[in-house]
Amino acid sequence: MEEKKLKAMFFNGSPRKINNTAMMLKSAMKGAEESGAECELINLYDIDFKGCKSCFACKLKNSKTNGVCALRDDLRPILERARQADVLVLGSPVYYSYPTGEMRSFMERLLFPVGTYLYEEVETENGVVRRHVTIRDKVIPTAMILTMNCPEDYMKVIGYPAILEENAKCLADIFGYSETLYAFNTYQFHDYSRYDFNLFSEEDKRRYRDEHFGIDLNNAYELGKRLVEKAREQ
Ligand SMILES: Cc1cc2nc3c(=O)[nH]c(=O)nc-3n(C[C@H](O)[C@H](O)[C@H](O)COP(=O)(O)O)c2cc1C
């Protein structure tokens, strides 16, 4: 019997569709496709939606929402497909130390209905731990890809890992597994000569891009493959 094709969904939280975040996501998609998944890319800025409106329909006793946000807008059919997906990859530029507002709004709508306000105690190799009850029936491998202007050493100095890894923690809490992949020191403009800046040099940026961005893209490709393989183990 032919094996069921796994479904992987990719969400671009950048307003730009051909730049750093989109390229990372497309590379992850290629890896996922080559691992046999059926892939779909959603550009969040194309969709008319807002974040959670705190209606709590998903937290009602005997709620019928079944993990899909009750709000009826253009995001709803996408959330319905995401609920059926086996792999979820969220990509965003860092805007003022966080994923973009659109990505944050999307995460509220994606995560909150799958989580509950219930907890359970589970035996682990580290003893009994309290864990959120979720309504998913299997682990959904997820990842957050974050691209940023900041160089790697500076992002550590200013405390980005602690802030940014919170996103992966939320994803892991709800979906059971998550990874974070960064692309640092990204090349932002097609033509640096048109812009005012002295925070960085175009030459350094170009050199960094030429030396590192290929590696970042390959890491994204491997991530896509890995997540699909992990989903297949479920
Ligand atoms: C409004 C805005 C805010 C930004 N804030 C940050 C920031 O806080 N830290 C950072 O490292 N880069 C920041 N950046 C740079 C972007 O994160 C970076 O260029 C990213 O790779 C762009 O992704 P894209 O090419 O997919 O659009 C900001 C860019 C914009 C437009």
# chains A, B, ... in the order shown; residues from 1 in each chain; ligands from 1

$ closest_atom_pairs --of "segment 53-158 of chain A" --to "segment 171-188 of chain A" --cutoff "9 Å" --atoms "only C-alpha atoms" --output "JSON lines"
{"residue": "A:Met107", "atom": "CA", "partner": "A:Leu171", "partner_atom": "CA", "distance": 8.7}
{"residue": "A:Leu111", "atom": "CA", "partner": "A:Ile174", "partner_atom": "CA", "distance": 6.5}
{"residue": "A:Phe112", "atom": "CA", "partner": "A:Ile174", "partner_atom": "CA", "distance": 8.4}
{"residue": "A:Val114", "atom": "CA", "partner": "A:Ile174", "partner_atom": "CA", "distance": 6.7}
{"residue": "A:Gly115", "atom": "CA", "partner": "A:Ile174", "partner_atom": "CA", "distance": 5.8}
{"residue": "A:Arg131", "atom": "CA", "partner": "A:Asp173", "partner_atom": "CA", "distance": 8.0}
{"residue": "A:His132", "atom": "CA", "partner": "A:Asp173", "partner_atom": "CA", "distance": 7.1}
{"residue": "A:Val133", "atom": "CA", "partner": "A:Ile174", "partner_atom": "CA", "distance": 8.3}
{"residue": "A:Thr134", "atom": "CA", "partner": "A:Ile174", "partner_atom": "CA", "distance": 6.3}
{"residue": "A:Ile135", "atom": "CA", "partner": "A:Ile174", "partner_atom": "CA", "distance": 8.8}
{"residue": "A:Arg136", "atom": "CA", "partner": "A:Phe175", "partner_atom": "CA", "distance": 7.3}
{"residue": "A:Lys138", "atom": "CA", "partner": "A:Gly176", "partner_atom": "CA", "distance": 8.0}
{"residue": "A:Val139", "atom": "CA", "partner": "A:Gly176", "partner_atom": "CA", "distance": 5.0}
{"residue": "A:Ile140", "atom": "CA", "partner": "A:Phe175", "partner_atom": "CA", "distance": 5.2}
{"residue": "A:Pro141", "atom": "CA", "partner": "A:Tyr177", "partner_atom": "CA", "distance": 5.0}
{"residue": "A:Thr142", "atom": "CA", "partner": "A:Ser178", "partner_atom": "CA", "distance": 4.6}
{"residue": "A:Ala143", "atom": "CA", "partner": "A:Glu179", "partner_atom": "CA", "distance": 4.6}
{"residue": "A:Met144", "atom": "CA", "partner": "A:Thr180", "partner_atom": "CA", "distance": 4.9}
{"residue": "A:Ile145", "atom": "CA", "partner": "A:Leu181", "partner_atom": "CA", "distance": 4.7}
{"residue": "A:Leu146", "atom": "CA", "partner": "A:Tyr182", "partner_atom": "CA", "distance": 4.9}
{"residue": "A:Thr147", "atom": "CA", "partner": "A:Ala183", "partner_atom": "CA", "distance": 4.6}
{"residue": "A:Met148", "atom": "CA", "partner": "A:Phe184", "partner_atom": "CA", "distance": 5.2}
{"residue": "A:Asn149", "atom": "CA", "partner": "A:Asn185", "partner_atom": "CA", "distance": 4.4}
{"residue": "A:Cys150", "atom": "CA", "partner": "A:Asn185", "partner_atom": "CA", "distance": 4.9}
{"residue": "A:Pro151", "atom": "CA", "partner": "A:Asn185", "partner_atom": "CA", "distance": 4.4}
{"residue": "A:Glu152", "atom": "CA", "partner": "A:Phe184", "partner_atom": "CA", "distance": 5.7}
{"residue": "A:Met155", "atom": "CA", "partner": "A:Phe184", "partner_atom": "CA", "distance": 8.5}

$ select_by_dssp --residues "segment 106-232 of chain A" --states "helix (DSSP H, G or I)" --output "PyMOL selection string"
chain A and resi 106-111+152-157+160-175+192-194+202-232

$ select_by_dssp --residues "segment 3-217 of chain A" --states "strand (DSSP E)" --output "ChimeraX atom specification"
/A:7-12,38-43,87-95,98-99,115-124,127-134,140-147,176-183

$ residues_around --residues "Ala70 of chain A" --least-positions-apart "5" --cutoff "12 Å" --atoms "only C-alpha atoms" --output "number ranges by chain"
A: 51-60, 63-65, 75-77, 79-80, 109-110, 112-114

$ residues_around --residues "Leu164 of chain A" --least-positions-apart "6" --cutoff "8 Å" --atoms "only C-alpha atoms" --output "list in words"
Ser97, Tyr98 and Pro99 of chain A

$ write_last_selection --atoms "C-alpha atoms" --output "compact mmCIF listing (two decimals), in the first residue's frame"
# COMPACT_ATOMS: atom_id res chain seq x y z
CA SER A 97 13.67 42.00 19.05
CA TYR A 98 10.60 39.88 18.24
CA PRO A 99 9.04 38.13 15.26

$ closest_residue --among "A:Glu40, A:Glu120, A:Asp210, A:Glu3" --to "Ile78 of chain A" --atoms "only C-alpha atoms"
A:Glu40

$ atom_distance --atom1 "atom CA of Val129 of chain A" --atom2 "atom CA of Gly67 of chain A"
23.8 Å

$ residues_around --residues "Tyr221 of chain A" --least-positions-apart "4" --cutoff "6 Å" --atoms "only C-alpha atoms" --output "number ranges by chain"
A: 27-28, 31

$ closest_residue --among "A:Lys17, A:Lys50, A:Arg72, A:Arg232" --to "ligand 1" --atoms "only C-alpha atoms and all ligand atoms"
A:Lys17

$ residues_around --residues "Thr100 of chain A" --least-positions-apart "2" --cutoff "12 Å" --atoms "only C-alpha atoms" --output "count of residues only"
28

$ atom_distance --atom1 "atom 24 (P, counted along the ligand's line) of ligand 1" --atom2 "atom CA of Arg83 of chain A"
26.4 Å

$ residues_around --residues "Met9 of chain A" --least-positions-apart "6" --cutoff "7 Å" --atoms "only C-alpha atoms" --output "list in words"
Cys39, Glu40, Leu41, Ala82, Ala85, Val87, Leu88 and Val89 of chain A

$ write_last_selection --atoms "N, CA, C and O atoms" --output "PDB file, in the first residue's frame"
ATOM      1  N   CYS A  39       3.968  20.228   0.216  1.00  0.00           N
ATOM      2  CA  CYS A  39       4.267  21.489   0.921  1.00  0.00           C
ATOM      3  C   CYS A  39       3.389  22.639   0.455  1.00  0.00           C
ATOM      4  O   CYS A  39       3.004  22.701  -0.709  1.00  0.00           O
ATOM      5  N   GLU A  40       3.116  23.536   1.380  1.00  0.00           N
ATOM      6  CA  GLU A  40       2.346  24.740   1.053  1.00  0.00           C
ATOM      7  C   GLU A  40       2.988  25.925   1.769  1.00  0.00           C
ATOM      8  O   GLU A  40       3.307  25.845   2.954  1.00  0.00           O
ATOM      9  N   LEU A  41       3.188  27.020   1.024  1.00  0.00           N
ATOM     10  CA  LEU A  41       3.766  28.239   1.604  1.00  0.00           C
ATOM     11  C   LEU A  41       2.693  29.316   1.687  1.00  0.00           C
ATOM     12  O   LEU A  41       2.005  29.595   0.705  1.00  0.00           O
ATOM     13  N   ALA A  82      -3.787  23.937   8.557  1.00  0.00           N
ATOM     14  CA  ALA A  82      -2.650  23.785   9.487  1.00  0.00           C
ATOM     15  C   ALA A  82      -2.959  22.725  10.542  1.00  0.00           C
ATOM     16  O   ALA A  82      -2.083  21.991  10.984  1.00  0.00           O
ATOM     17  N   ALA A  85      -2.006  19.490   9.236  1.00  0.00           N
ATOM     18  CA  ALA A  85      -0.618  19.350   8.758  1.00  0.00           C
ATOM     19  C   ALA A  85       0.209  18.497   9.707  1.00  0.00           C
ATOM     20  O   ALA A  85      -0.078  18.396  10.901  1.00  0.00           O
ATOM     21  N   VAL A  87       3.724  18.884   9.691  1.00  0.00           N
ATOM     22  CA  VAL A  87       4.908  19.693  10.000  1.00  0.00           C
ATOM     23  C   VAL A  87       4.530  21.161   9.815  1.00  0.00           C
ATOM     24  O   VAL A  87       3.846  21.509   8.851  1.00  0.00           O
ATOM     25  N   LEU A  88       4.987  22.008  10.747  1.00  0.00           N
ATOM     26  CA  LEU A  88       4.714  23.450  10.638  1.00  0.00           C
ATOM     27  C   LEU A  88       6.020  24.218  10.781  1.00  0.00           C
ATOM     28  O   LEU A  88       6.750  24.020  11.760  1.00  0.00           O
ATOM     29  N   VAL A  89       6.317  25.089   9.817  1.00  0.00           N
ATOM     30  CA  VAL A  89       7.546  25.901   9.889  1.00  0.00           C
ATOM     31  C   VAL A  89       7.162  27.377   9.792  1.00  0.00           C
ATOM     32  O   VAL A  89       6.522  27.804   8.822  1.00  0.00           O
TER      33      VAL A  89
END

$ atom_distance --atom1 "atom 19 (O, counted along the ligand's line) of ligand 1" --atom2 "atom CA of Val228 of chain A"
28.0 Å
